[in-house]
Structures are given as structure tokens and as C-alpha cells.
>>> print(open('upload.pdb').read())   # PDB, C-alpha atoms
ATOM      1  CA  MET A   1      98.936   9.019  55.706
ATOM      2  CA  SER A   2      97.233  10.739  52.804
ATOM      3  CA  GLU A   3      99.589  12.777  50.651
ATOM      4  CA  THR A   4      98.854  14.619  47.441
ATOM      5  CA  LYS A   5     101.018  16.164  44.766
ATOM      6  CA  VAL A   6      98.380  18.884  44.328
ATOM      7  CA  LYS A   7      99.760  21.979  46.037
ATOM      8  CA  LYS A   8      97.510  24.719  44.714
ATOM      9  CA  MET A   9      94.056  24.820  43.101
ATOM     10  CA  LEU A  10      93.064  27.827  41.008
ATOM     11  CA  PHE A  11      89.393  28.090  40.048
ATOM     12  CA  ILE A  12      87.859  30.310  37.404
ATOM     13  CA  LEU A  13      84.144  30.813  38.049
ATOM     14  CA  SER A  14      82.416  32.153  34.935
ATOM     15  CA  LYS A  15      78.777  31.333  35.721
ATOM     16  CA  ALA A  16      76.247  32.662  38.195
ATOM     17  CA  THR A  17      74.029  29.633  38.687
ATOM     18  CA  ILE A  18      73.952  28.506  42.267
ATOM     19  CA  GLU A  19      75.189  24.994  41.466
ATOM     20  CA  ASN A  20      78.271  26.322  39.691
ATOM     21  CA  ALA A  21      79.098  28.854  42.381
ATOM     22  CA  TYR A  22      78.809  26.196  45.105
ATOM     23  CA  ALA A  23      80.918  23.763  43.084
ATOM     24  CA  ALA A  24      83.731  26.319  43.091
ATOM     25  CA  PHE A  25      83.226  27.183  46.776
ATOM     26  CA  VAL A  26      83.095  23.594  48.006
ATOM     27  CA  MET A  27      86.177  22.600  46.035
ATOM     28  CA  ALA A  28      88.137  25.707  47.041
ATOM     29  CA  ASN A  29      87.216  25.230  50.694
ATOM     30  CA  GLY A  30      87.912  21.494  50.476
ATOM     31  CA  ALA A  31      91.368  22.268  49.169
ATOM     32  CA  ARG A  32      92.145  24.550  52.113
ATOM     33  CA  MET A  33      90.866  21.903  54.513
ATOM     34  CA  GLU A  34      93.394  19.473  53.022
ATOM     35  CA  GLY A  35      96.245  21.932  53.365
ATOM     36  CA  ILE A  36      96.168  22.822  49.656
ATOM     37  CA  GLU A  37      96.300  26.471  48.614
ATOM     38  CA  SER A  38      93.273  27.748  46.704
ATOM     39  CA  GLU A  39      92.154  30.850  44.841
ATOM     40  CA  ILE A  40      89.050  31.795  42.861
ATOM     41  CA  PHE A  41      88.975  34.153  39.869
ATOM     42  CA  PHE A  42      85.470  35.497  39.262
ATOM     43  CA  THR A  43      84.813  36.432  35.658
ATOM     44  CA  PHE A  44      81.810  37.304  33.481
ATOM     45  CA  PHE A  45      78.616  36.077  35.125
ATOM     46  CA  GLY A  46      80.646  34.571  37.936
ATOM     47  CA  LEU A  47      80.978  38.175  39.152
ATOM     48  CA  GLU A  48      77.362  37.994  40.350
ATOM     49  CA  ALA A  49      78.614  35.812  43.200
ATOM     50  CA  ILE A  50      80.801  38.625  44.581
ATOM     51  CA  GLN A  51      78.426  41.547  44.083
ATOM     52  CA  LYS A  52      77.009  42.595  47.440
ATOM     53  CA  LYS A  53      73.538  43.203  46.038
ATOM     54  CA  LYS A  54      73.308  40.041  43.957
ATOM     55  CA  LEU A  55      75.141  37.279  45.766
ATOM     56  CA  GLU A  56      72.227  36.099  47.892
ATOM     57  CA  HIS A  57      69.979  35.950  44.824
ATOM     58  CA  LEU A  58      71.734  33.361  42.688
ATOM     59  CA  HIS A  59      69.425  30.866  41.010
ATOM     60  CA  VAL A  60      69.532  27.290  39.879
ATOM     61  CA  ALA A  61      69.031  26.962  36.107
ATOM     62  CA  THR A  62      65.731  25.291  35.243
ATOM     63  CA  VAL A  63      65.968  25.911  31.492
ATOM     64  CA  GLY A  64      68.591  24.078  29.476
ATOM     65  CA  ASN A  65      69.372  21.842  32.423
ATOM     66  CA  PRO A  66      68.376  18.241  31.605
ATOM     67  CA  ALA A  67      69.123  17.139  35.174
ATOM     68  CA  MET A  68      66.070  19.087  36.377
ATOM     69  CA  HIS A  69      63.929  16.439  34.671
ATOM     70  CA  MET A  70      61.248  18.874  33.687
ATOM     71  CA  PRO A  71      60.170  19.989  30.212
ATOM     72  CA  THR A  72      62.112  23.061  29.066
ATOM     73  CA  MET A  73      58.844  24.952  28.456
ATOM     74  CA  LEU A  74      57.815  24.372  32.071
ATOM     75  CA  GLY A  75      61.202  25.487  33.396
ATOM     76  CA  GLY A  76      60.686  28.840  31.719
ATOM     77  CA  LEU A  77      57.349  29.617  33.359
ATOM     78  CA  PRO A  78      57.312  32.484  35.856
ATOM     79  CA  GLY A  79      58.188  31.391  39.380
ATOM     80  CA  VAL A  80      59.506  27.943  38.461
ATOM     81  CA  GLU A  81      63.146  28.938  38.733
ATOM     82  CA  ALA A  82      62.536  30.718  42.030
ATOM     83  CA  PHE A  83      60.712  27.682  43.390
ATOM     84  CA  ALA A  84      63.445  25.255  42.318
ATOM     85  CA  THR A  85      66.043  27.557  43.880
ATOM     86  CA  LYS A  86      64.123  27.678  47.155
ATOM     87  CA  MET A  87      63.926  23.889  47.242
ATOM     88  CA  MET A  88      67.622  23.531  46.546
ATOM     89  CA  LYS A  89      68.576  26.098  49.196
ATOM     90  CA  ARG A  90      66.455  24.218  51.713
ATOM     91  CA  GLU A  91      68.287  20.977  50.938
ATOM     92  CA  MET A  92      71.635  22.725  51.205
ATOM     93  CA  GLU A  93      70.710  24.219  54.565
ATOM     94  CA  LYS A  94      69.937  20.689  55.799
ATOM     95  CA  LEU A  95      73.521  19.738  54.963
ATOM     96  CA  ASP A  96      74.715  22.830  56.850
ATOM     97  CA  MET A  97      75.947  24.466  53.650
ATOM     98  CA  PRO A  98      76.390  28.178  54.346
ATOM     99  CA  PRO A  99      74.656  30.821  52.200
ATOM    100  CA  VAL A 100      76.822  32.493  49.535
ATOM    101  CA  GLY A 101      77.849  35.516  51.624
ATOM    102  CA  GLU A 102      78.850  33.434  54.625
ATOM    103  CA  PHE A 103      80.641  30.922  52.403
ATOM    104  CA  LEU A 104      82.756  33.728  50.917
ATOM    105  CA  GLU A 105      83.634  34.884  54.450
ATOM    106  CA  ILE A 106      84.643  31.349  55.384
ATOM    107  CA  LEU A 107      86.776  31.042  52.250
ATOM    108  CA  SER A 108      88.496  34.349  52.892
ATOM    109  CA  ASP A 109      89.150  33.499  56.561
ATOM    110  CA  SER A 110      90.511  30.129  55.439
ATOM    111  CA  GLY A 111      93.132  31.842  53.312
ATOM    112  CA  CYS A 112      91.480  31.274  49.942
ATOM    113  CA  LYS A 113      92.267  34.268  47.715
ATOM    114  CA  LEU A 114      89.308  35.847  45.899
ATOM    115  CA  TRP A 115      89.914  37.822  42.720
ATOM    116  CA  GLY A 116      87.716  39.812  40.342
ATOM    117  CA  CYS A 117      88.480  39.725  36.606
ATOM    118  CA  LYS A 118      89.444  43.226  35.457
ATOM    119  CA  LEU A 119      88.034  42.867  31.960
ATOM    120  CA  ALA A 120      84.634  41.659  33.183
ATOM    121  CA  VAL A 121      84.512  44.226  36.015
ATOM    122  CA  ASP A 122      85.087  46.979  33.418
ATOM    123  CA  MET A 123      82.586  45.453  31.014
ATOM    124  CA  PHE A 124      79.801  45.367  33.609
ATOM    125  CA  HIS A 125      80.786  48.866  34.866
ATOM    126  CA  LEU A 126      81.269  47.628  38.418
ATOM    127  CA  LYS A 127      82.894  49.725  41.120
ATOM    128  CA  GLU A 128      84.910  48.585  44.095
ATOM    129  CA  GLU A 129      81.996  49.323  46.437
ATOM    130  CA  ASP A 130      79.737  46.976  44.442
ATOM    131  CA  LEU A 131      81.997  44.039  45.305
ATOM    132  CA  ILE A 132      82.391  42.145  48.577
ATOM    133  CA  ASP A 133      84.822  43.462  51.198
ATOM    134  CA  GLU A 134      86.645  40.121  51.278
ATOM    135  CA  LEU A 135      87.841  40.521  47.679
ATOM    136  CA  ASP A 136      91.649  40.433  47.460
ATOM    137  CA  GLY A 137      91.697  42.576  44.342
ATOM    138  CA  VAL A 138      90.730  43.038  40.710
ATOM    139  CA  ILE A 139      93.379  41.541  38.436
ATOM    140  CA  THR A 140      93.953  40.549  34.806
ATOM    141  CA  ILE A 141      94.000  36.975  33.588
ATOM    142  CA  GLY A 142      97.748  37.419  33.093
ATOM    143  CA  ASP A 143      98.134  38.261  36.782
ATOM    144  CA  PHE A 144      96.095  35.182  37.614
ATOM    145  CA  TYR A 145      98.245  32.920  35.443
ATOM    146  CA  SER A 146     101.357  34.229  37.148
ATOM    147  CA  ARG A 147      99.872  32.925  40.407
ATOM    148  CA  ALA A 148      99.964  29.441  38.867
ATOM    149  CA  ASN A 149     103.696  29.597  38.437
ATOM    150  CA  GLU A 150     104.670  26.770  40.737
ATOM    151  CA  GLU A 151     104.785  23.010  40.592
ATOM    152  CA  GLY A 152     101.641  21.115  41.592
ATOM    153  CA  THR A 153      99.242  23.911  40.571
ATOM    154  CA  HIS A 154      96.008  23.076  38.803
ATOM    155  CA  LEU A 155      93.576  25.387  37.018
ATOM    156  CA  LEU A 156      89.881  24.575  36.781
ATOM    157  CA  PHE A 157      87.293  26.417  34.704
ATOM    158  CA  ILE A 158      83.734  26.318  35.989
TER
ATOM    159  CA  MET B   1      97.574  -0.436  61.657
ATOM    160  CA  ASP B   2      99.458  -0.179  64.947
ATOM    161  CA  LEU B   3     101.079   2.858  66.422
ATOM    162  CA  ASN B   4     103.430   2.896  69.395
ATOM    163  CA  ILE B   5     103.061   5.991  71.512
ATOM    164  CA  ALA B   6     104.384   6.524  75.026
ATOM    165  CA  GLY B   7     104.974   2.794  75.352
ATOM    166  CA  ILE B   8     101.370   1.953  74.547
ATOM    167  CA  ARG B   9     100.300   0.030  71.453
ATOM    168  CA  LEU B  10      97.440   1.827  69.756
ATOM    169  CA  ASP B  11      95.114   0.755  66.984
ATOM    170  CA  VAL B  12      94.918   3.439  64.336
ATOM    171  CA  THR B  13      93.309   3.776  60.917
ATOM    172  CA  GLU B  14      95.325   4.026  57.713
ATOM    173  CA  ASP B  15      95.325   7.826  58.141
ATOM    174  CA  GLY B  16      96.575   7.595  61.725
ATOM    175  CA  TYR B  17      93.304   8.168  63.618
ATOM    176  CA  LEU B  18      92.670   6.251  66.838
ATOM    177  CA  THR B  19      90.093   3.517  66.326
ATOM    178  CA  ASP B  20      89.304   3.348  70.036
ATOM    179  CA  VAL B  21      88.576   6.777  71.497
ATOM    180  CA  SER B  22      88.879   5.445  75.044
ATOM    181  CA  GLN B  23      92.613   4.868  74.466
ATOM    182  CA  TRP B  24      93.152   8.626  74.153
ATOM    183  CA  ASN B  25      95.004  10.627  76.758
ATOM    184  CA  LYS B  26      96.952  13.890  76.829
ATOM    185  CA  GLU B  27     100.293  12.198  76.387
ATOM    186  CA  ILE B  28      99.078  10.549  73.204
ATOM    187  CA  ALA B  29      97.683  13.859  71.971
ATOM    188  CA  GLU B  30     101.068  15.483  72.529
ATOM    189  CA  GLU B  31     102.826  12.726  70.592
ATOM    190  CA  ILE B  32     100.440  12.953  67.627
ATOM    191  CA  ALA B  33     100.788  16.743  67.680
ATOM    192  CA  LYS B  34     104.569  16.410  67.615
ATOM    193  CA  GLN B  35     104.320  14.258  64.480
ATOM    194  CA  GLU B  36     102.328  17.095  62.922
ATOM    195  CA  ASN B  37     104.977  19.596  64.082
ATOM    196  CA  ILE B  38     102.603  21.244  66.526
ATOM    197  CA  GLU B  39     103.473  22.275  70.067
ATOM    198  CA  LEU B  40     100.221  22.217  72.027
ATOM    199  CA  THR B  41      99.302  25.429  73.853
ATOM    200  CA  ASP B  42      96.366  26.177  76.173
ATOM    201  CA  LYS B  43      94.371  27.362  73.156
ATOM    202  CA  HIS B  44      95.006  24.025  71.399
ATOM    203  CA  TRP B  45      93.708  22.146  74.440
ATOM    204  CA  GLU B  46      90.627  24.319  74.533
ATOM    205  CA  VAL B  47      89.893  23.467  70.894
ATOM    206  CA  ILE B  48      90.611  19.779  71.472
ATOM    207  CA  SER B  49      88.136  19.554  74.346
ATOM    208  CA  TRP B  50      85.544  21.440  72.294
ATOM    209  CA  ILE B  51      85.983  18.952  69.437
ATOM    210  CA  GLN B  52      85.688  15.993  71.790
ATOM    211  CA  GLU B  53      82.537  17.514  73.254
ATOM    212  CA  GLN B  54      81.003  17.918  69.772
ATOM    213  CA  VAL B  55      81.761  14.328  68.846
ATOM    214  CA  LYS B  56      80.349  13.086  72.152
ATOM    215  CA  ASN B  57      77.140  14.988  71.389
ATOM    216  CA  GLU B  58      77.152  13.551  67.846
ATOM    217  CA  VAL B  59      77.439  16.953  66.202
ATOM    218  CA  ALA B  60      79.029  16.701  62.750
ATOM    219  CA  LEU B  61      82.231  18.724  62.577
ATOM    220  CA  SER B  62      82.604  21.274  59.808
ATOM    221  CA  ILE B  63      84.415  24.525  59.161
ATOM    222  CA  ARG B  64      81.100  26.344  59.556
ATOM    223  CA  GLY B  65      80.774  24.785  62.992
ATOM    224  CA  ILE B  66      84.148  26.262  63.932
ATOM    225  CA  LYS B  67      82.902  29.703  62.875
ATOM    226  CA  LYS B  68      79.901  29.328  65.168
ATOM    227  CA  SER B  69      81.793  27.620  67.996
ATOM    228  CA  GLY B  70      82.544  30.724  70.047
ATOM    229  CA  VAL B  71      85.849  29.052  70.961
ATOM    230  CA  LEU B  72      87.909  30.436  68.089
ATOM    231  CA  ASN B  73      87.505  31.863  64.606
ATOM    232  CA  ILE B  74      88.511  30.251  61.333
ATOM    233  CA  LYS B  75      91.724  32.266  60.948
ATOM    234  CA  GLU B  76      92.888  31.187  64.411
ATOM    235  CA  PHE B  77      91.927  27.598  63.606
ATOM    236  CA  TYR B  78      94.158  27.578  60.504
ATOM    237  CA  ALA B  79      96.950  29.239  62.475
ATOM    238  CA  LEU B  80      96.781  26.698  65.323
ATOM    239  CA  PHE B  81      96.650  23.616  63.082
ATOM    240  CA  PRO B  82      98.366  24.533  59.812
ATOM    241  CA  GLY B  83      97.948  22.322  56.760
ATOM    242  CA  GLY B  84      94.402  20.956  57.149
ATOM    243  CA  PRO B  85      93.066  22.142  60.516
ATOM    244  CA  LEU B  86      90.003  19.931  60.915
ATOM    245  CA  LYS B  87      91.899  16.821  59.817
ATOM    246  CA  ILE B  88      94.828  17.469  62.141
ATOM    247  CA  SER B  89      92.879  18.687  65.184
ATOM    248  CA  THR B  90      90.571  15.668  65.133
ATOM    249  CA  LYS B  91      93.538  13.329  64.874
ATOM    250  CA  ILE B  92      95.107  14.938  67.942
ATOM    251  CA  ALA B  93      91.755  14.862  69.760
ATOM    252  CA  GLY B  94      91.540  11.112  69.164
ATOM    253  CA  VAL B  95      88.163  11.303  67.403
ATOM    254  CA  PRO B  96      87.268   9.850  63.983
ATOM    255  CA  LYS B  97      88.259  11.717  60.828
ATOM    256  CA  PRO B  98      85.363  14.036  59.854
ATOM    257  CA  LYS B  99      83.457  12.940  56.767
ATOM    258  CA  SER B 100      82.010  16.356  55.929
ATOM    259  CA  CYS B 101      82.860  18.037  52.597
ATOM    260  CA  ILE B 102      82.432  21.484  54.063
TER
END
>>> encode(input="upload.pdb", output="C-alpha cells")
Amino acid sequence: MSETKVKKMLFILSKATIENAYAAFVMANGARMEGIESEIFFTFFGLEAIQKKKLEHLHVATVGNPAMHMPTMLGGLPGVEAFATKMMKREMEKLDMPPVGEFLEILSDSGCKLWGCKLAVDMFHLKEEDLIDELDGVITIGDFYSRANEEGTHLLFI
Amino acid sequence: MDLNIAGIRLDVTEDGYLTDVSQWNKEIAEEIAKQENIELTDKHWEVISWIQEQVKNEVALSIRGIKKSGVLNIKEFYALFPGGPLKISTKIAGVPKPKSCI
């Protein structure tokens, strides 16, 4: 029987590129599926992933991403990022990966807690109605740390 | 690995999944469920047959599939099989452990 000493996974998502958002989502969902508690704290650009108007428009980074295997100059041309994002979304759909909005619903239904970072929410002048309905609240980093106050908890910054 | 359930010797994987689906029956399901501290209700049986149907039709199991199943929603799924619902429900249903990451 598989057993793990990991009891709780806390993720901090600070970026809005699609690959980073999905990394957090897949790991947070995977934790729940293994009976491990999980929570995500969205901060700075990570907040794009929980803004109703923006969450379905996340992009893959084509500039400054050596794994794209294209010259940086090319990656910056108009339309290249949109095209690369479309290709990636198509591949993800083939693997039955849900779009961002549906993934957040799945996470919330699975018992994964979703938090907005108060400092970043204030900085970007966001209001409650700008953020997804599934959000469990807007909290400080101190509040988030206090949620790590038990044995077997791990924090991961993405 | 061997497992003795209801007087029958069963071949199981390291994680406790039946290697031969044809060995499965309701008594075995109840025994596996008991080991997972689950008392099977009608709703559990409904989910188990749905899972078996999916596997028979070679549909990959995932949490998204549960959402679309029309049998139950994700919250109910976690409530019925606490502590890793897809892992536990498939074990009880006698089907292979799902390989999906989502």
C-alpha cells in the first residue's frame, strides 16, 4: 500500500503563464486525489488565473523561454505567443486537461482551498467581484503561513 | 502479492488492486471497502458499476470524467470515498489503478 508522510501541500502561484498555472493546478489536484490536503495562494501575476475576465486568456511564454526552441526575436513577433498558446491548449485538450475556469471549479469541489494574496489584490486594485466565485478568501501571507502549522506540510513557490 | 478474501485467494498488485478483473464479485468489493473503512451504500454501488462500465469501454478515468459522468458530482465523490476517491473506488471496483495525472 502506498503511504506518504506528506499531509498537506501549500502552493504559491506568482506567475500567469499557462504552464505555471497548470503546474500548480495539476499538483494541487493530484494531492487531493492522493488524499493529501492542498491549497493555492495566488499572488502578483498569479492573480490573473483567478480573475474572471482574464483566466481563460493565459498565455505560454515564448520570449525568455529556451524550451520553446525558437529565437527570442521570433518569439516576440505579433501573434507568435497567441499561436504557441493555441497549439499548447490543443495538446492539453487531447489529454483531457480542463480549461482554467473548469480546473478551478474541480479544485474547489475537490476541497482544495483557493486564496488571493491581500497585498497583491490591493496593489492591482482588484475587487471581490473581479475574482472567481470559488475563491475561499483574500488573506495575508501571515494567514497563509498559519495554515502550514502542522506536521507533514510542504510549501511550494511557483 | 496474494490476498485472502471471503475464502478465495486473489492475485493483487503491490497497491492491492485485483490483477484479474474476472475474479471480482460484490463480496470482494465489500471486503476491500471495509479495509478502506467504507460501508457501501446504493450510491457507492452505482458509482462502482459506472466505473466498471467506463473501464470496459476503455475510457480513461479522471476527475474531470467524474464531473461529466452524470452519476455524481466531485464533492459527492470525495464524500463517498474519502482519502483519494479515484484510487479507492477503482480498487473496490476491481479495475486497474488509473494512470491519469488529472
>>> residues_around(input="upload.pdb", residues="segment 64-78 of chain B", least_positions_apart="4", cutoff="7 Å", atoms="only C-alpha atoms", output="tab-separated table (two decimals) with C-alpha atoms, in the frame of the given file")
chain	number	residue	atom	x	y	z
A	109	ASP	CA	89.15	33.50	56.56
A	110	SER	CA	90.51	30.13	55.44
B	47	VAL	CA	89.89	23.47	70.89
B	82	PRO	CA	98.37	24.53	59.81
B	85	PRO	CA	93.07	22.14	60.52
>>> resolve_selection(input="upload.pdb", expression="the ChimeraX specification (/B :<9) & /A", output="PyMOL selection string")
chain A and resi 1-2+26-27+29-36+96-98+102-103+106+108-111
>>> resolve_selection(input="upload.pdb", expression="the PyMOL selection byres ((chain A and resi 55) around 10)", output="list in words")
Ala16, Ile18, Ala21, Gly46, Leu47, Glu48, Ala49, Ile50, Gln51, Lys52, Lys53, Lys54, Glu56, His57, Leu58, His59, Pro99, Val100, Gly101, Leu104, Leu131 and Ile132 of chain A
>>> write_last_selection(input="upload.pdb", atoms="C-alpha atoms", output="tab-separated table (two decimals), in the coordinates of the input")
chain	number	residue	atom	x	y	z
A	16	ALA	CA	76.25	32.66	38.20
A	18	ILE	CA	73.95	28.51	42.27
A	21	ALA	CA	79.10	28.85	42.38
A	46	GLY	CA	80.65	34.57	37.94
A	47	LEU	CA	80.98	38.17	39.15
A	48	GLU	CA	77.36	37.99	40.35
A	49	ALA	CA	78.61	35.81	43.20
A	50	ILE	CA	80.80	38.62	44.58
A	51	GLN	CA	78.43	41.55	44.08
A	52	LYS	CA	77.01	42.60	47.44
A	53	LYS	CA	73.54	43.20	46.04
A	54	LYS	CA	73.31	40.04	43.96
A	56	GLU	CA	72.23	36.10	47.89
A	57	HIS	CA	69.98	35.95	44.82
A	58	LEU	CA	71.73	33.36	42.69
A	59	HIS	CA	69.42	30.87	41.01
A	99	PRO	CA	74.66	30.82	52.20
A	100	VAL	CA	76.82	32.49	49.54
A	101	GLY	CA	77.85	35.52	51.62
A	104	LEU	CA	82.76	33.73	50.92
A	131	LEU	CA	82.00	44.04	45.30
A	132	ILE	CA	82.39	42.14	48.58
>>> atom_distance(input="upload.pdb", atom1="atom CA of Ser38 of chain A", atom2="atom CA of Lys118 of chain A")
19.5 Å
>>> resolve_selection(input="upload.pdb", expression="the PyMOL selection byres ((chain B and resi 96) around 8)", output="number ranges by chain")
B: 17-19, 90-91, 94-95, 97-98
>>> closest_residue(input="upload.pdb", among="A:Val121, A:Ile40, A:Cys112, A:Val60", to="Asn20 of chain A", atoms="all atoms listed in the file")
A:Val60
>>> atom_distance(input="upload.pdb", atom1="atom CA of Glu105 of chain A", atom2="atom CA of Gly137 of chain A")
15.0 Å
>>> atom_distance(input="upload.pdb", atom1="atom CA of Phe11 of chain A", atom2="atom CA of Ala28 of chain A")
7.5 Å
>>> residues_around(input="upload.pdb", residues="segment 75-79 of chain A", least_positions_apart="2", cutoff="12 Å", atoms="only C-alpha atoms", output="list in words")
His59, Val60, Ala61, Thr62, Val63, Gly64, Asn65, Pro66, Ala67, Met68, His69, Met70, Pro71, Thr72, Met73, Glu81, Ala82, Phe83, Ala84, Thr85 and Lys86 of chain A
>>> axis_aligned_box(input="upload.pdb", around="segment 88-93 of chain B", padding_each_side="3 Å", output="AutoDock Vina command-line options")
--center_x 92.8 --center_y 16.0 --center_z 66.0 --size_x 10.5 --size_y 11.4 --size_z 13.6
>>> closest_residue(input="upload.pdb", among="B:Trp24, B:Lys99, B:Asn4, B:Glu30", to="His44 of chain B", atoms="only C-alpha atoms")
B:Glu30
>>> decode(input="upload.pdb", residues="segment 2-100 of chain B", atoms="C-alpha atoms", output="short mmCIF file (atom, residue, chain, number, x, y, z; two decimals), in the first residue's frame")
data_model
loop_
_atom_site.label_atom_id
_atom_site.label_comp_id
_atom_site.auth_asym_id
_atom_site.auth_seq_id
_atom_site.Cartn_x
_atom_site.Cartn_y
_atom_site.Cartn_z
CA ASP B 2 -1.83 -12.65 -2.63
CA LEU B 3 -4.89 -11.53 -0.79
CA ASN B 4 -7.36 -13.78 1.00
CA ILE B 5 -10.90 -12.51 0.82
CA ALA B 6 -14.06 -14.45 1.60
CA GLY B 7 -12.09 -17.69 1.48
CA ILE B 8 -10.83 -17.01 -2.03
CA ARG B 9 -7.17 -16.46 -2.88
CA LEU B 10 -6.81 -13.40 -5.06
CA ASP B 11 -3.88 -12.07 -7.03
CA VAL B 12 -3.38 -8.39 -6.31
CA THR B 13 -0.81 -5.76 -7.24
CA GLU B 14 1.53 -4.19 -4.70
CA ASP B 15 -1.11 -1.48 -4.12
CA GLY B 16 -3.86 -4.04 -3.55
CA TYR B 17 -5.61 -3.91 -6.95
CA LEU B 18 -7.00 -7.12 -8.44
CA THR B 19 -4.86 -8.34 -11.32
CA ASP B 20 -7.69 -10.43 -12.74
CA VAL B 21 -10.90 -8.44 -13.11
CA SER B 22 -12.93 -11.60 -13.64
CA GLN B 23 -12.24 -12.61 -10.02
CA TRP B 24 -14.28 -9.63 -8.80
CA ASN B 25 -17.62 -10.02 -7.09
CA LYS B 26 -19.71 -7.99 -4.66
CA GLU B 27 -18.44 -9.85 -1.63
CA ILE B 28 -14.87 -8.99 -2.55
CA ALA B 29 -15.84 -5.37 -3.13
CA GLU B 30 -17.37 -5.23 0.34
CA GLU B 31 -14.22 -6.68 1.90
CA ILE B 32 -11.92 -4.21 0.12
CA ALA B 33 -14.26 -1.37 1.10
CA LYS B 34 -14.13 -2.50 4.73
CA GLN B 35 -10.32 -2.30 4.64
CA GLU B 36 -10.73 1.29 3.46
CA ASN B 37 -13.25 1.94 6.26
CA ILE B 38 -16.12 2.37 3.83
CA GLU B 39 -19.59 0.91 4.25
CA LEU B 40 -21.01 0.50 0.76
CA THR B 41 -24.37 2.16 0.11
CA ASP B 42 -26.58 2.10 -3.01
CA LYS B 43 -24.83 5.25 -4.23
CA HIS B 44 -21.43 3.52 -3.89
CA TRP B 45 -22.68 0.60 -5.98
CA GLU B 46 -23.97 2.97 -8.62
CA VAL B 47 -20.53 4.60 -8.86
CA ILE B 48 -18.79 1.22 -8.90
CA SER B 49 -20.86 -0.03 -11.82
CA TRP B 50 -20.28 3.24 -13.67
CA ILE B 51 -16.52 2.86 -13.19
CA GLN B 52 -16.60 -0.74 -14.38
CA GLU B 53 -18.58 0.35 -17.42
CA GLN B 54 -16.00 3.05 -18.25
CA VAL B 55 -13.13 0.61 -17.98
CA LYS B 56 -14.96 -1.94 -20.12
CA ASN B 57 -15.40 0.75 -22.78
CA GLU B 58 -11.71 1.68 -22.42
CA VAL B 59 -12.46 5.22 -21.28
CA ALA B 60 -9.61 6.64 -19.19
CA LEU B 61 -10.80 7.56 -15.71
CA SER B 62 -10.14 11.06 -14.44
CA ILE B 63 -11.65 13.54 -12.02
CA ARG B 64 -12.95 15.51 -14.99
CA GLY B 65 -14.74 12.38 -16.15
CA ILE B 66 -16.49 12.18 -12.78
CA LYS B 67 -17.68 15.77 -13.22
CA LYS B 68 -19.18 14.87 -16.59
CA SER B 69 -20.47 11.45 -15.52
CA GLY B 70 -24.00 12.49 -14.61
CA VAL B 71 -23.82 9.87 -11.84
CA LEU B 72 -22.44 12.13 -9.12
CA ASN B 73 -20.51 15.35 -8.68
CA ILE B 74 -16.96 15.76 -7.43
CA LYS B 75 -17.97 16.78 -3.90
CA GLU B 76 -20.12 13.66 -3.54
CA PHE B 77 -17.28 11.56 -4.95
CA TYR B 78 -14.87 12.81 -2.26
CA ALA B 79 -17.53 12.29 0.40
CA LEU B 80 -18.26 8.70 -0.68
CA PHE B 81 -14.61 7.63 -0.96
CA PRO B 82 -12.61 9.84 1.41
CA GLY B 83 -8.84 9.98 1.15
CA GLY B 84 -8.21 9.54 -2.60
CA PRO B 85 -11.56 8.83 -4.26
CA LEU B 86 -10.45 7.61 -7.68
CA LYS B 87 -7.76 5.37 -6.19
CA ILE B 88 -10.09 3.83 -3.62
CA SER B 89 -13.19 3.48 -5.82
CA THR B 90 -11.26 1.70 -8.57
CA LYS B 91 -9.73 -0.67 -6.05
CA ILE B 92 -13.20 -1.58 -4.77
CA ALA B 93 -14.49 -1.89 -8.34
CA GLY B 94 -11.75 -4.41 -9.09
CA VAL B 95 -10.35 -2.44 -12.04
CA PRO B 96 -6.72 -1.37 -12.58
CA LYS B 97 -5.37 1.68 -10.77
CA PRO B 98 -5.90 4.74 -13.01
CA LYS B 99 -2.72 6.13 -14.53
CA SER B 100 -4.06 9.62 -15.21
#
